[in-house]
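Raw contents of coords-v9.cif, mmCIF, C-alpha atoms (C1' of nucleotides):
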```
data_data
loop_
_atom_site.label_atom_id
_atom_site.label_comp_id
_atom_site.auth_asym_id
_atom_site.auth_seq_id
_atom_site.Cartn_x
_atom_site.Cartn_y
_atom_site.Cartn_z
CA MET A 518 -86.86 -112.99 -11.03
CA GLU A 519 -86.87 -113.03 -7.29
CA ILE A 520 -88.43 -115.95 -5.50
CA SER A 521 -91.86 -115.18 -4.09
CA LEU A 522 -92.94 -115.67 -0.53
CA ASP A 523 -95.50 -118.18 -1.64
CA GLN A 524 -92.87 -120.18 -3.40
CA ILE A 525 -90.77 -120.18 -0.26
CA LYS A 526 -93.73 -121.19 1.83
CA GLU A 527 -94.29 -124.08 -0.47
CA LYS A 528 -90.65 -125.13 -0.35
CA LEU A 529 -90.71 -125.13 3.41
CA GLY A 530 -93.94 -127.07 3.47
CA ASN A 531 -92.62 -129.67 1.09
CA ALA A 532 -89.61 -130.11 3.28
CA GLY A 533 -91.83 -130.64 6.29
CA LEU A 534 -90.93 -127.40 7.97
CA LYS A 535 -93.17 -124.81 9.55
CA ALA A 536 -93.24 -121.65 7.49
CA THR A 537 -92.11 -119.21 10.11
CA HIS A 538 -91.32 -115.62 9.35
CA GLN A 539 -87.66 -116.17 10.26
CA ARG A 540 -87.28 -119.09 7.91
CA MET A 541 -88.88 -117.19 5.08
CA VAL A 542 -86.54 -114.28 5.57
CA VAL A 543 -83.43 -116.42 5.89
CA TYR A 544 -84.32 -118.50 2.89
CA ARG A 545 -84.98 -115.49 0.75
CA ALA A 546 -81.68 -113.98 1.80
CA LEU A 547 -79.83 -117.21 1.07
CA VAL A 548 -81.28 -117.38 -2.40
CA GLY A 549 -80.94 -113.69 -3.00
CA VAL A 550 -77.41 -113.09 -1.86
CA LYS A 551 -75.96 -115.46 -4.46
CA SER A 552 -72.39 -115.48 -3.23
CA HIS A 553 -72.72 -118.55 -1.03
CA PRO A 554 -72.89 -116.51 2.15
CA SER A 555 -71.80 -117.50 5.63
CA ALA A 556 -74.32 -117.43 8.47
CA ASP A 557 -72.87 -114.11 9.44
CA LYS A 558 -73.38 -112.66 5.98
CA VAL A 559 -76.97 -113.81 5.93
CA PHE A 560 -77.46 -112.23 9.31
CA ASP A 561 -76.01 -108.96 8.08
CA SER A 562 -78.18 -108.94 5.02
CA ILE A 563 -81.44 -109.35 6.93
CA GLN A 564 -80.44 -107.36 10.00
CA SER A 565 -81.80 -103.95 9.13
CA GLU A 566 -85.19 -105.20 7.92
CA ASN A 567 -85.51 -107.75 10.68
CA PRO A 568 -83.67 -106.52 13.74
CA SER A 569 -85.34 -109.08 15.97
CA ILE A 570 -83.86 -112.11 14.24
CA THR A 571 -80.87 -113.37 16.18
CA LEU A 572 -77.61 -114.67 14.76
CA ALA A 573 -78.27 -117.87 16.69
CA THR A 574 -81.58 -118.21 14.89
CA VAL A 575 -79.82 -117.73 11.58
CA TYR A 576 -77.43 -120.52 12.46
CA ASN A 577 -80.22 -122.77 13.61
CA THR A 578 -82.30 -122.01 10.58
CA LEU A 579 -79.48 -122.69 8.15
CA ASP A 580 -78.79 -125.92 9.98
CA THR A 581 -82.41 -126.85 9.72
CA PHE A 582 -82.36 -126.16 6.01
CA VAL A 583 -79.38 -128.43 5.55
CA GLU A 584 -81.05 -131.21 7.52
CA ALA A 585 -84.23 -130.78 5.55
CA GLY A 586 -82.47 -130.80 2.20
CA LEU A 587 -83.11 -127.18 1.38
CA ALA A 588 -79.48 -126.08 1.47
CA LYS A 589 -75.98 -127.39 1.42
CA ARG A 590 -72.93 -126.45 3.31
CA VAL A 591 -70.04 -125.39 1.12
CA MET A 592 -66.54 -125.26 2.47
CA SER A 593 -64.04 -122.79 1.27
CA GLY A 594 -60.89 -123.60 3.20
CA LYS A 595 -60.42 -121.12 5.93
CA GLY A 596 -63.13 -119.11 7.56
CA PRO A 597 -66.74 -119.88 8.30
CA VAL A 598 -68.95 -122.43 6.65
CA ARG A 599 -70.87 -121.10 3.71
CA TYR A 600 -74.26 -122.09 2.44
CA ASP A 601 -75.81 -122.76 -0.90
CA ALA A 602 -79.53 -122.97 -1.56
CA ARG A 603 -79.16 -124.42 -5.00
CA MET A 604 -79.76 -128.10 -4.59
CA ASP A 605 -79.38 -129.35 -8.12
CA ASN A 606 -76.10 -131.07 -8.73
CA HIS A 607 -73.37 -128.60 -9.50
CA HIS A 608 -69.77 -127.89 -8.73
CA HIS A 609 -67.70 -125.05 -7.37
CA LEU A 610 -64.75 -123.02 -8.42
CA ILE A 611 -63.07 -121.73 -5.30
CA CYS A 612 -60.75 -118.77 -5.60
CA SER A 613 -58.15 -118.82 -2.85
CA ASN A 614 -57.51 -115.18 -3.60
CA THR A 615 -60.90 -113.51 -3.47
CA LYS A 616 -62.63 -116.27 -1.45
CA GLU A 617 -65.29 -116.36 -4.09
CA ILE A 618 -67.18 -119.56 -4.65
CA ILE A 619 -68.43 -119.71 -8.19
CA ASP A 620 -71.11 -122.11 -9.34
CA PHE A 621 -70.15 -124.45 -12.09
CA TYR A 622 -73.11 -126.11 -13.70
CA ASP A 623 -72.28 -128.80 -16.19
CA GLU A 624 -74.66 -131.61 -16.86
CA GLU A 625 -72.16 -133.45 -18.96
CA LEU A 626 -69.63 -133.43 -16.14
CA ASN A 627 -72.30 -134.60 -13.72
CA SER A 628 -73.12 -137.66 -15.69
CA LEU A 629 -69.49 -138.30 -16.47
CA ILE A 630 -68.74 -138.56 -12.78
CA ARG A 631 -72.00 -140.15 -11.78
CA ASP A 632 -71.63 -142.89 -14.35
CA TYR A 633 -68.06 -143.50 -13.40
CA LEU A 634 -68.89 -143.86 -9.71
CA GLN A 635 -71.81 -146.10 -10.51
CA LYS A 636 -69.53 -148.34 -12.47
CA LYS A 637 -67.13 -148.48 -9.56
CA ARG A 638 -69.65 -149.95 -7.18
CA ILE A 639 -68.80 -148.47 -3.85
CA GLN A 640 -69.94 -150.96 -1.27
CA ASN A 641 -71.40 -150.21 2.14
CA PHE A 642 -71.90 -146.59 1.19
CA GLU A 643 -75.10 -144.91 0.15
CA LEU A 644 -74.22 -141.97 -2.02
CA ALA A 645 -76.11 -138.81 -1.19
CA ASP A 646 -74.42 -136.31 -3.44
CA MET A 647 -71.10 -135.41 -4.87
CA GLN A 648 -69.48 -132.22 -5.87
CA LEU A 649 -66.23 -131.19 -7.34
CA HIS A 650 -64.17 -128.57 -5.56
CA ILE A 651 -62.05 -126.85 -8.13
CA ARG A 652 -59.52 -124.77 -6.30
CA GLY A 653 -57.40 -122.11 -7.89
CA GLU A 654 -56.91 -118.42 -8.35
CA LYS A 655 -58.53 -115.84 -10.51
CA LEU A 656 -55.80 -114.35 -12.62
CA ASN A 657 -57.54 -111.01 -12.75
CA PRO A 658 -59.56 -110.69 -9.55
CA ASN A 659 -61.75 -108.00 -11.04
CA LYS A 660 -62.81 -109.89 -14.09
CA GLU A 661 -65.29 -112.70 -14.24
CA ILE A 662 -64.43 -116.29 -14.86
CA ARG A 663 -65.52 -117.43 -18.30
CA ILE A 664 -66.07 -121.03 -19.04
CA LYS A 665 -65.58 -122.25 -22.56
CA MET B 451 -43.81 -148.41 7.22
CA GLU B 452 -43.71 -145.30 9.30
CA ILE B 453 -42.10 -142.20 7.89
CA SER B 454 -38.61 -141.56 9.28
CA LEU B 455 -37.48 -138.35 10.88
CA ASP B 456 -34.91 -137.92 8.15
CA GLN B 457 -37.60 -138.17 5.53
CA ILE B 458 -39.63 -135.55 7.33
CA LYS B 459 -36.61 -133.33 7.65
CA GLU B 460 -36.09 -133.61 3.93
CA LYS B 461 -39.72 -132.84 3.18
CA LEU B 462 -39.59 -129.72 5.31
CA GLY B 463 -36.33 -128.68 3.70
CA ASN B 464 -37.71 -129.14 0.21
CA ALA B 465 -40.67 -127.00 1.13
CA GLY B 466 -38.36 -124.28 2.35
CA LEU B 467 -39.24 -124.70 5.99
CA LYS B 468 -36.98 -124.91 9.00
CA ALA B 469 -36.96 -128.36 10.45
CA THR B 470 -38.06 -127.55 13.96
CA HIS B 471 -38.85 -130.17 16.51
CA GLN B 472 -42.48 -129.05 16.61
CA ARG B 473 -42.92 -129.34 12.88
CA MET B 474 -41.38 -132.78 12.83
CA VAL B 475 -43.71 -133.96 15.55
CA VAL B 476 -46.81 -132.43 13.99
CA TYR B 477 -45.98 -133.75 10.57
CA ARG B 478 -45.37 -137.24 11.86
CA ALA B 479 -48.67 -137.15 13.73
CA LEU B 480 -50.51 -135.90 10.68
CA VAL B 481 -49.15 -138.69 8.55
CA GLY B 482 -49.49 -141.26 11.28
CA VAL B 483 -53.01 -140.60 12.45
CA LYS B 484 -54.50 -141.35 9.02
CA SER B 485 -58.06 -140.27 9.75
CA HIS B 486 -57.67 -136.71 8.46
CA PRO B 487 -57.41 -135.26 11.94
CA SER B 488 -58.43 -131.82 13.09
CA ALA B 489 -55.85 -129.56 14.72
CA ASP B 490 -57.26 -130.59 18.03
CA LYS B 491 -56.86 -134.28 17.28
CA VAL B 492 -53.27 -133.73 16.24
CA PHE B 493 -52.70 -131.85 19.46
CA ASP B 494 -54.18 -134.68 21.50
CA SER B 495 -52.08 -137.26 19.75
CA ILE B 496 -48.78 -135.51 20.46
CA GLN B 497 -49.71 -134.09 23.82
CA SER B 498 -48.36 -136.75 26.15
CA GLU B 499 -45.03 -137.11 24.40
CA ASN B 500 -44.66 -133.37 23.85
CA PRO B 501 -46.42 -131.52 26.62
CA SER B 502 -44.69 -128.26 25.74
CA ILE B 503 -46.21 -127.96 22.27
CA THR B 504 -49.16 -125.58 22.35
CA LEU B 505 -52.43 -125.97 20.51
CA ALA B 506 -51.73 -122.60 18.92
CA THR B 507 -48.47 -123.95 17.60
CA VAL B 508 -50.28 -126.92 16.16
CA TYR B 509 -52.66 -124.57 14.37
CA ASN B 510 -49.84 -122.40 13.12
CA THR B 511 -47.83 -125.38 12.02
CA LEU B 512 -50.69 -126.95 10.11
CA ASP B 513 -51.36 -123.61 8.48
CA THR B 514 -47.73 -123.36 7.51
CA PHE B 515 -47.88 -126.83 6.02
CA VAL B 516 -50.87 -125.87 3.90
CA GLU B 517 -49.13 -122.70 2.70
CA ALA B 518 -46.00 -124.65 1.91
CA GLY B 519 -47.85 -127.34 0.02
CA LEU B 520 -47.24 -130.09 2.56
CA ALA B 521 -50.85 -130.55 3.55
CA LYS B 522 -54.36 -129.77 2.48
CA ARG B 523 -57.38 -128.68 4.36
CA VAL B 524 -60.30 -131.06 4.06
CA MET B 525 -63.79 -130.01 4.97
CA SER B 526 -66.28 -132.36 6.38
CA GLY B 527 -69.38 -130.26 6.84
CA LYS B 528 -69.76 -129.40 10.45
CA GLY B 529 -67.02 -129.18 12.98
CA PRO B 530 -63.41 -128.18 12.72
CA VAL B 531 -61.25 -128.14 9.65
CA ARG B 532 -59.39 -131.35 9.07
CA TYR B 533 -56.04 -131.89 7.47
CA ASP B 534 -54.57 -134.30 4.99
CA ALA B 535 -50.87 -134.80 4.40
CA ARG B 536 -51.34 -136.79 1.26
CA MET B 537 -50.72 -134.39 -1.55
CA ASP B 538 -51.20 -136.57 -4.58
CA ASN B 539 -54.50 -136.03 -6.30
CA HIS B 540 -57.23 -138.04 -4.66
CA HIS B 541 -60.83 -137.75 -3.58
CA HIS B 542 -62.85 -138.21 -0.44
CA LEU B 543 -65.82 -140.19 0.69
CA ILE B 544 -67.43 -138.34 3.53
CA CYS B 545 -69.72 -140.24 5.85
CA SER B 546 -72.28 -137.92 7.39
CA ASN B 547 -72.90 -140.57 9.98
CA THR B 548 -69.50 -141.43 11.38
CA LYS B 549 -67.77 -138.24 10.23
CA GLU B 550 -65.14 -140.40 8.62
CA ILE B 551 -63.29 -139.06 5.62
CA ILE B 552 -62.10 -141.91 3.49
CA ASP B 553 -59.47 -141.54 0.81
CA PHE B 554 -60.46 -142.47 -2.66
CA TYR B 555 -57.54 -142.90 -4.98
CA ASP B 556 -58.42 -143.41 -8.60
CA GLU B 557 -56.08 -142.39 -11.34
CA GLU B 558 -58.64 -143.06 -14.01
CA LEU B 559 -61.12 -140.74 -12.36
CA ASN B 560 -58.42 -138.10 -11.98
CA SER B 561 -57.64 -138.00 -15.64
CA LEU B 562 -61.29 -138.25 -16.58
CA ILE B 563 -62.00 -135.05 -14.68
CA ARG B 564 -58.73 -133.34 -15.49
CA ASP B 565 -59.15 -133.92 -19.19
CA TYR B 566 -62.72 -132.76 -19.11
CA LEU B 567 -61.85 -129.53 -17.35
CA GLN B 568 -58.96 -128.95 -19.68
CA LYS B 569 -61.28 -129.29 -22.62
CA LYS B 570 -63.64 -126.78 -21.05
CA ARG B 571 -61.08 -124.01 -20.97
CA ILE B 572 -61.89 -122.11 -17.85
CA GLN B 573 -60.72 -118.58 -18.48
CA ASN B 574 -59.21 -116.20 -15.95
CA PHE B 575 -58.70 -119.03 -13.50
CA GLU B 576 -55.50 -120.87 -12.74
CA LEU B 577 -56.40 -124.31 -11.53
CA ALA B 578 -54.48 -125.43 -8.47
CA ASP B 579 -56.17 -128.68 -7.65
CA MET B 580 -59.51 -130.35 -7.66
CA GLN B 581 -61.11 -132.96 -5.57
CA LEU B 582 -64.39 -134.71 -5.49
CA HIS B 583 -66.39 -134.71 -2.29
CA ILE B 584 -68.54 -137.77 -2.28
CA ARG B 585 -71.01 -137.42 0.49
CA GLY B 586 -73.13 -140.21 1.84
CA GLU B 587 -73.58 -142.68 4.65
CA LYS B 588 -71.98 -145.93 5.54
CA LEU B 589 -74.74 -148.49 5.61
CA ASN B 590 -72.97 -150.49 8.27
CA PRO B 591 -70.89 -148.04 10.31
CA ASN B 592 -68.68 -150.81 11.64
CA LYS B 593 -67.69 -152.26 8.33
CA GLU B 594 -65.25 -150.82 5.89
CA ILE B 595 -66.15 -149.30 2.59
CA ARG B 596 -65.11 -151.49 -0.30
CA ILE B 597 -64.62 -150.07 -3.72
CA LYS B 598 -65.19 -152.24 -6.73
"C1'" DC C 486 -110.35 -120.58 18.16
"C1'" DT C 487 -107.71 -123.24 21.12
"C1'" DC C 488 -103.86 -125.55 22.21
"C1'" DC C 489 -99.38 -127.57 22.05
"C1'" DA C 490 -95.29 -129.05 20.03
"C1'" DA C 491 -92.06 -126.67 17.75
"C1'" DA C 492 -89.55 -122.45 16.98
"C1'" DT C 493 -87.46 -118.23 18.54
"C1'" DG C 494 -85.12 -114.52 21.33
"C1'" DA C 495 -82.00 -113.47 24.50
"C1'" DT C 496 -78.56 -114.59 26.26
"C1'" DA C 497 -74.49 -117.61 27.92
"C1'" DA C 498 -71.22 -120.87 27.03
"C1'" DT C 499 -68.27 -123.59 24.11
"C1'" DT C 500 -65.45 -124.53 20.41
"C1'" DT C 501 -62.44 -123.17 16.97
"C1'" DT C 502 -59.10 -120.17 15.40
"C1'" DT C 503 -56.04 -116.18 15.39
"C1'" DA C 504 -53.20 -112.46 17.50
"C1'" DT C 505 -49.64 -110.69 20.65
"C1'" DT C 506 -45.32 -110.56 22.58
"C1'" DA C 507 -41.39 -112.12 25.10
"C1'" DT C 508 -38.35 -115.97 24.63
"C1'" DT C 509 -36.07 -119.59 22.17
"C1'" DT C 510 -33.86 -121.80 18.28
"C1'" DA C 511 -32.34 -123.53 13.43
"C1'" DG C 512 -29.21 -122.91 10.47
"C1'" DA C 513 -26.39 -119.47 7.80
"C1'" DA C 514 -22.14 -117.25 8.14
"C1'" DA C 515 -17.84 -116.33 10.38
"C1'" DT D 911 -17.65 -124.61 16.56
"C1'" DT D 912 -19.41 -120.48 17.93
"C1'" DT D 913 -22.00 -116.36 16.90
"C1'" DC D 914 -25.82 -114.08 15.20
"C1'" DT D 915 -30.34 -113.18 13.42
"C1'" DA D 916 -34.55 -113.94 11.35
"C1'" DA D 917 -37.90 -117.06 12.09
"C1'" DA D 918 -40.45 -120.02 15.18
"C1'" DT D 919 -42.56 -121.09 19.58
"C1'" DA D 920 -44.85 -120.79 24.29
"C1'" DA D 921 -47.91 -118.71 26.86
"C1'" DT D 922 -51.13 -116.46 26.99
"C1'" DA D 923 -55.27 -113.40 25.46
"C1'" DA D 924 -58.61 -112.34 22.31
"C1'" DA D 925 -61.56 -112.96 18.50
"C1'" DA D 926 -64.50 -115.54 15.56
"C1'" DA D 927 -67.65 -119.21 14.87
"C1'" DT D 928 -70.92 -122.13 16.62
"C1'" DT D 929 -73.96 -124.34 19.92
"C1'" DA D 930 -76.71 -124.69 24.22
"C1'" DT D 931 -80.22 -123.15 27.59
"C1'" DC D 932 -84.52 -121.93 28.74
"C1'" DA D 933 -88.38 -118.81 29.13
"C1'" DT D 934 -91.55 -116.94 25.74
"C1'" DT D 935 -93.91 -116.94 21.41
"C1'" DT D 936 -96.26 -118.87 17.45
"C1'" DG D 937 -97.73 -121.84 13.23
"C1'" DG D 938 -100.98 -124.68 12.07
"C1'" DA D 939 -103.40 -129.13 13.32
"C1'" DG D 940 -107.69 -130.24 15.16
#
```
Is it possible to express this structure as structure tokens?
Amino acid sequence: MEISLDQIKEKLGNAGLKATHQRMVVYRALVGVKSHPSADKVFDSIQSENPSITLATVYNTLDTFVEAGLAKRVMSGKGPVRYDARMDNHHHLICSNTKEIIDFYDEELNSLIRDYLQKKRIQNFELADMQLHIRGEKLNPNKEIRIK
Amino acid sequence: MEISLDQIKEKLGNAGLKATHQRMVVYRALVGVKSHPSADKVFDSIQSENPSITLATVYNTLDTFVEAGLAKRVMSGKGPVRYDARMDNHHHLICSNTKEIIDFYDEELNSLIRDYLQKKRIQNFELADMQLHIRGEKLNPNKEIRIK
DNA sequence: CTCCAAATGATAATTTTTATTATTTAGAAA
DNA sequence: TTTCTAAATAATAAAAATTATCATTTGGAG
């Protein structure tokens, strides 16, 4: 179930962004690639179909998406910044070995943390979002991570 | 209560690292500067007293510290990687406005999350550490953030 | 359709980080 | 204490990541 161009156009519109060809392509790549790609990886993945789109444009576009609330930056430790188009609250398992960033959706955990922070009353700080970085190593790099 | 050179020497020794002058200086700066400095900031802060220490050495040294378990990388979004010498489990409030990274120590929160993850049984993944990135904005950039 | 602010391409430049290699040094062993 | 050696550092250079500049193009409001 790939995202359609119309859906992307709508997303961009809702975010107050012009629906340019470049943005459509970058957004589709970001959603499609899954693995929380770096700007460079996005560039690579669109390169052959769209040779005219510059790496600088990819950077700018991803930046724009982050500003507009269409993507998040995810940090992995070393190396380039990586991006995530999934905006619903979720967490990340970060494998120091394979550099994979694996989504960890867990509504129960979300509310656990959210409620706790709420209770804490952090003053002079408007919370935008929070995510848990769970760092570790895959024991078998070739196998998937199974939760529960 | 500044950390003494002997204490640093001991820390380095325990981590299996030679206690070189450069490492002592970088470590002291890292602990002293508080604000989760970037390599560049560490370099700046030691520069005048230690003009012979190269930026490359600062990078290498910080890297070595991370490998050896004496420091952690902290990511702030944009900009360079920042480092944290505090190794006990704690979280970070990240102000998108001032770029500040503020420590958030909370033992109750730690065990809340730790216990939850334990219960979840994440397979094929050896957990090293976890930290919560709490992103937001200081309402008044000049005032402190108060918790509870 | 026209028009213009906004976006992009095509660089160039900067910033951040890593690599290379000759020289120096901490600390183990004599 | 002195000697010796593997490890660490300085002094680059280079690479990787990111941002800036500015002339040209374009989405979409009117």
What are the coordinates of chain B as a short mmCIF file (atom, residue, chain, number, x, y, z; two decimals) with C-alpha atoms, in the frame of the given file following a least-squares fit to chain A on all in-order C-alpha atoms?
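Okay, this is what ended up in part26.cif:
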```cif
data_model
loop_
_atom_site.label_atom_id
_atom_site.label_comp_id
_atom_site.auth_asym_id
_atom_site.auth_seq_id
_atom_site.Cartn_x
_atom_site.Cartn_y
_atom_site.Cartn_z
CA MET B 451 -86.78 -112.93 -11.04
CA GLU B 452 -86.80 -112.97 -7.30
CA ILE B 453 -88.38 -115.88 -5.50
CA SER B 454 -91.84 -115.09 -4.12
CA LEU B 455 -92.90 -115.58 -0.54
CA ASP B 456 -95.50 -118.07 -1.68
CA GLN B 457 -92.85 -120.09 -3.42
CA ILE B 458 -90.75 -120.10 -0.28
CA LYS B 459 -93.73 -121.08 1.79
CA GLU B 460 -94.31 -123.99 -0.53
CA LYS B 461 -90.68 -125.05 -0.40
CA LEU B 462 -90.73 -125.06 3.38
CA GLY B 463 -94.00 -126.97 3.40
CA ASN B 464 -92.68 -129.59 1.02
CA ALA B 465 -89.67 -130.05 3.24
CA GLY B 466 -91.92 -130.57 6.22
CA LEU B 467 -90.99 -127.34 7.91
CA LYS B 468 -93.21 -124.73 9.49
CA ALA B 469 -93.27 -121.58 7.46
CA THR B 470 -92.10 -119.15 10.09
CA HIS B 471 -91.32 -115.57 9.36
CA GLN B 472 -87.67 -116.13 10.26
CA ARG B 473 -87.29 -119.04 7.91
CA MET B 474 -88.88 -117.13 5.07
CA VAL B 475 -86.53 -114.23 5.59
CA VAL B 476 -83.43 -116.39 5.90
CA TYR B 477 -84.33 -118.46 2.90
CA ARG B 478 -84.98 -115.42 0.76
CA ALA B 479 -81.65 -113.94 1.83
CA LEU B 480 -79.83 -117.17 1.09
CA VAL B 481 -81.27 -117.34 -2.38
CA GLY B 482 -80.93 -113.64 -2.97
CA VAL B 483 -77.38 -113.06 -1.83
CA LYS B 484 -75.95 -115.47 -4.42
CA SER B 485 -72.37 -115.49 -3.19
CA HIS B 486 -72.72 -118.57 -0.98
CA PRO B 487 -72.91 -116.51 2.19
CA SER B 488 -71.82 -117.51 5.65
CA ALA B 489 -74.34 -117.44 8.49
CA ASP B 490 -72.90 -114.13 9.48
CA LYS B 491 -73.36 -112.66 6.03
CA VAL B 492 -76.96 -113.82 5.97
CA PHE B 493 -77.45 -112.23 9.35
CA ASP B 494 -75.99 -108.95 8.14
CA SER B 495 -78.15 -108.93 5.07
CA ILE B 496 -81.41 -109.32 6.98
CA GLN B 497 -80.41 -107.35 10.03
CA SER B 498 -81.77 -103.92 9.18
CA GLU B 499 -85.13 -105.15 7.97
CA ASN B 500 -85.45 -107.72 10.75
CA PRO B 501 -83.62 -106.49 13.80
CA SER B 502 -85.31 -109.05 16.03
CA ILE B 503 -83.84 -112.09 14.28
CA THR B 504 -80.85 -113.38 16.23
CA LEU B 505 -77.62 -114.69 14.80
CA ALA B 506 -78.29 -117.90 16.69
CA THR B 507 -81.59 -118.22 14.90
CA VAL B 508 -79.84 -117.73 11.60
CA TYR B 509 -77.45 -120.54 12.48
CA ASN B 510 -80.26 -122.79 13.62
CA THR B 511 -82.33 -122.01 10.58
CA LEU B 512 -79.52 -122.70 8.15
CA ASP B 513 -78.82 -125.94 9.97
CA THR B 514 -82.46 -126.87 9.70
CA PHE B 515 -82.39 -126.13 5.99
CA VAL B 516 -79.42 -128.44 5.52
CA GLU B 517 -81.12 -131.21 7.49
CA ALA B 518 -84.29 -130.75 5.51
CA GLY B 519 -82.51 -130.79 2.18
CA LEU B 520 -83.13 -127.14 1.36
CA ALA B 521 -79.51 -126.08 1.47
CA LYS B 522 -76.01 -127.41 1.43
CA ARG B 523 -72.94 -126.49 3.33
CA VAL B 524 -70.07 -125.40 1.14
CA MET B 525 -66.55 -125.25 2.44
CA SER B 526 -64.07 -122.77 1.25
CA GLY B 527 -60.94 -123.59 3.18
CA LYS B 528 -60.49 -121.10 5.92
CA GLY B 529 -63.19 -119.13 7.59
CA PRO B 530 -66.79 -119.89 8.34
CA VAL B 531 -68.99 -122.44 6.68
CA ARG B 532 -70.91 -121.10 3.75
CA TYR B 533 -74.29 -122.10 2.47
CA ASP B 534 -75.83 -122.78 -0.89
CA ALA B 535 -79.55 -122.97 -1.56
CA ARG B 536 -79.15 -124.44 -4.98
CA MET B 537 -79.78 -128.11 -4.58
CA ASP B 538 -79.37 -129.38 -8.10
CA ASN B 539 -76.09 -131.11 -8.70
CA HIS B 540 -73.37 -128.63 -9.49
CA HIS B 541 -69.75 -127.92 -8.71
CA HIS B 542 -67.69 -125.07 -7.36
CA LEU B 543 -64.74 -123.03 -8.41
CA ILE B 544 -63.06 -121.74 -5.32
CA CYS B 545 -60.76 -118.76 -5.62
CA SER B 546 -58.15 -118.81 -2.89
CA ASN B 547 -57.53 -115.18 -3.62
CA THR B 548 -60.92 -113.53 -3.47
CA LYS B 549 -62.62 -116.27 -1.45
CA GLU B 550 -65.31 -116.37 -4.09
CA ILE B 551 -67.18 -119.60 -4.64
CA ILE B 552 -68.44 -119.74 -8.17
CA ASP B 553 -71.11 -122.15 -9.33
CA PHE B 554 -70.18 -124.49 -12.08
CA TYR B 555 -73.14 -126.15 -13.68
CA ASP B 556 -72.32 -128.85 -16.17
CA GLU B 557 -74.68 -131.68 -16.83
CA GLU B 558 -72.17 -133.51 -18.94
CA LEU B 559 -69.63 -133.47 -16.15
CA ASN B 560 -72.29 -134.64 -13.70
CA SER B 561 -73.12 -137.71 -15.67
CA LEU B 562 -69.49 -138.36 -16.48
CA ILE B 563 -68.70 -138.60 -12.79
CA ARG B 564 -71.95 -140.23 -11.76
CA ASP B 565 -71.60 -142.95 -14.34
CA TYR B 566 -68.01 -143.55 -13.42
CA LEU B 567 -68.80 -143.92 -9.74
CA GLN B 568 -71.72 -146.17 -10.52
CA LYS B 569 -69.45 -148.41 -12.51
CA LYS B 570 -67.02 -148.54 -9.60
CA ARG B 571 -69.54 -150.03 -7.22
CA ILE B 572 -68.65 -148.53 -3.91
CA GLN B 573 -69.78 -151.05 -1.33
CA ASN B 574 -71.21 -150.30 2.10
CA PHE B 575 -71.73 -146.68 1.16
CA GLU B 576 -74.95 -145.00 0.14
CA LEU B 577 -74.09 -142.06 -2.03
CA ALA B 578 -75.98 -138.90 -1.18
CA ASP B 579 -74.33 -136.39 -3.44
CA MET B 580 -71.01 -135.46 -4.89
CA GLN B 581 -69.43 -132.27 -5.89
CA LEU B 582 -66.17 -131.22 -7.36
CA HIS B 583 -64.13 -128.59 -5.59
CA ILE B 584 -62.02 -126.86 -8.16
CA ARG B 585 -59.51 -124.78 -6.35
CA GLY B 586 -57.41 -122.09 -7.93
CA GLU B 587 -56.96 -118.38 -8.39
CA LYS B 588 -58.60 -115.80 -10.53
CA LEU B 589 -55.88 -114.31 -12.66
CA ASN B 590 -57.64 -110.98 -12.77
CA PRO B 591 -59.65 -110.67 -9.55
CA ASN B 592 -61.89 -108.00 -11.04
CA LYS B 593 -62.95 -109.91 -14.09
CA GLU B 594 -65.40 -112.73 -14.23
CA ILE B 595 -64.52 -116.31 -14.86
CA ARG B 596 -65.64 -117.45 -18.28
CA ILE B 597 -66.16 -121.08 -19.03
CA LYS B 598 -65.66 -122.33 -22.53
#
```
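Across B:Gly527, B:His542, B:Asp534, B:Phe554, the tightest approach to chain A is made by B:Gly527 when counting all atoms listed in the file.
Among the candidates B:Ile597, B:Leu455, B:Ala465, B:Ala518, the one nearest to Tyr555 of chain B when counting all atoms listed in the file is B:Ile597.
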I need the chain D residues near chain B as number ranges by chain; criterion: at most 9 Å, counting all atoms listed in the file.
D: 917-921, 928
Hey, which bits of chain C sit within 9 Å of chain B, and for each residue what's the closest pair of atoms and how far apart in Å (one decimal), counting only C-alpha atoms (C1' of nucleotides), rows by chain and increasing number, as a Markdown table?
```
| residue | atom | partner | partner_atom | distance |
| --- | --- | --- | --- | --- |
| C:DT500 | C1' | B:Pro530 | CA | 8.8 |
| C:DT501 | C1' | B:Pro530 | CA | 6.6 |
| C:DT502 | C1' | B:Tyr509 | CA | 7.9 |
| C:DT503 | C1' | B:Ala506 | CA | 8.5 |
| C:DT510 | C1' | B:Thr470 | CA | 8.3 |
| C:DA511 | C1' | B:Lys468 | CA | 6.6 |
| C:DG512 | C1' | B:Lys468 | CA | 8.2 |
```
